[in-house]
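Since the structure comes first, as structure tokens, the remarks are kept for the end.
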Amino acid sequence: MSRARFLICAATVAAAMLASPLAWSQAKPQRIEISAKRFSYSPGEITVKKGQPVTIVLKSQDVAHGLRLRDFGVNIRVKAGGTGEATFTPDKVGDFTGHCSVFCGSGHGSMTFTVHVVA
């Protein structure tokens, strides 16, 4: 095979790989919207894949709230009626509990959120 033909083949394979949906899905984070309202999140739990980036968008429906996922270094804080977001890549499999990180009233301590990370 000539050098020129080899380079054309290599360029074609590289272009096909970059255009594949798998390559694009790995680069673009999964976007998940979560509503916070005294004293719960909706949805209250999500399932994501290990190694795939996730963007959590937190929207307050009433007072100031937060969402802290200590295991992934995430802490989103939003003002009353506000929106905030954070992107992270889960690096371990398991079930992880997040908590409201802004005091929001008497039920604040029981306001939890669960992230299930699967392989």
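Each chain in the structure tokens gets a letter, A, B and so on, in the order shown; residues start at 1 in every chain, and ligands are counted from 1 in the order they appear.
Using only C-alpha atoms, the contacts of stretch 43-50 of chain A at a cut-off of 10 Å, with sequence neighbours closer than 5 positions omitted, comprise Gln30, Ile32, Glu33, Ile34, Ser35, Ala36, Thr89, Pro90, Asp91, Lys92, Val93, Gly94, Asp95, Phe96, Thr97, Gly98, Met111, Thr112, Phe113, Thr114, Val115, His116, Val117, Val118 and Ala119 of chain A.
Going from atom CA of A:Ser101 to atom CA of A:Val54 covers 19.5 Å.
For the atom pair formed by atom CA of A:Gly107 and atom CA of A:Ser40, the distance is 9.0 Å, given to one decimal.
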Spatial neighbours of A:Thr55, 6 Å, only C-alpha atoms, chain gap at least 4 places, as a PDB file with N, CA and C atoms, in the first residue's frame:
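Generated output (selection-v7.pdb):
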ATOM      1  N   PRO A  29     -22.044  16.177  28.268  1.00  0.00           N
ATOM      2  CA  PRO A  29     -22.595  15.671  29.534  1.00  0.00           C
ATOM      3  C   PRO A  29     -24.092  15.407  29.462  1.00  0.00           C
ATOM      4  N   GLN A  30     -24.522  14.389  30.204  1.00  0.00           N
ATOM      5  CA  GLN A  30     -25.955  14.129  30.369  1.00  0.00           C
ATOM      6  C   GLN A  30     -26.497  15.243  31.251  1.00  0.00           C
ATOM      7  N   ARG A  31     -27.569  15.895  30.840  1.00  0.00           N
ATOM      8  CA  ARG A  31     -28.135  17.030  31.577  1.00  0.00           C
ATOM      9  C   ARG A  31     -29.378  16.565  32.325  1.00  0.00           C
ATOM     10  N   ALA A  86     -23.964  22.267  38.041  1.00  0.00           N
ATOM     11  CA  ALA A  86     -22.604  21.759  38.231  1.00  0.00           C
ATOM     12  C   ALA A  86     -22.438  20.521  37.366  1.00  0.00           C
ATOM     13  N   THR A  87     -21.229  20.356  36.846  1.00  0.00           N
ATOM     14  CA  THR A  87     -20.915  19.191  36.026  1.00  0.00           C
ATOM     15  C   THR A  87     -19.853  18.367  36.736  1.00  0.00           C
TER      16      THR A  87
END
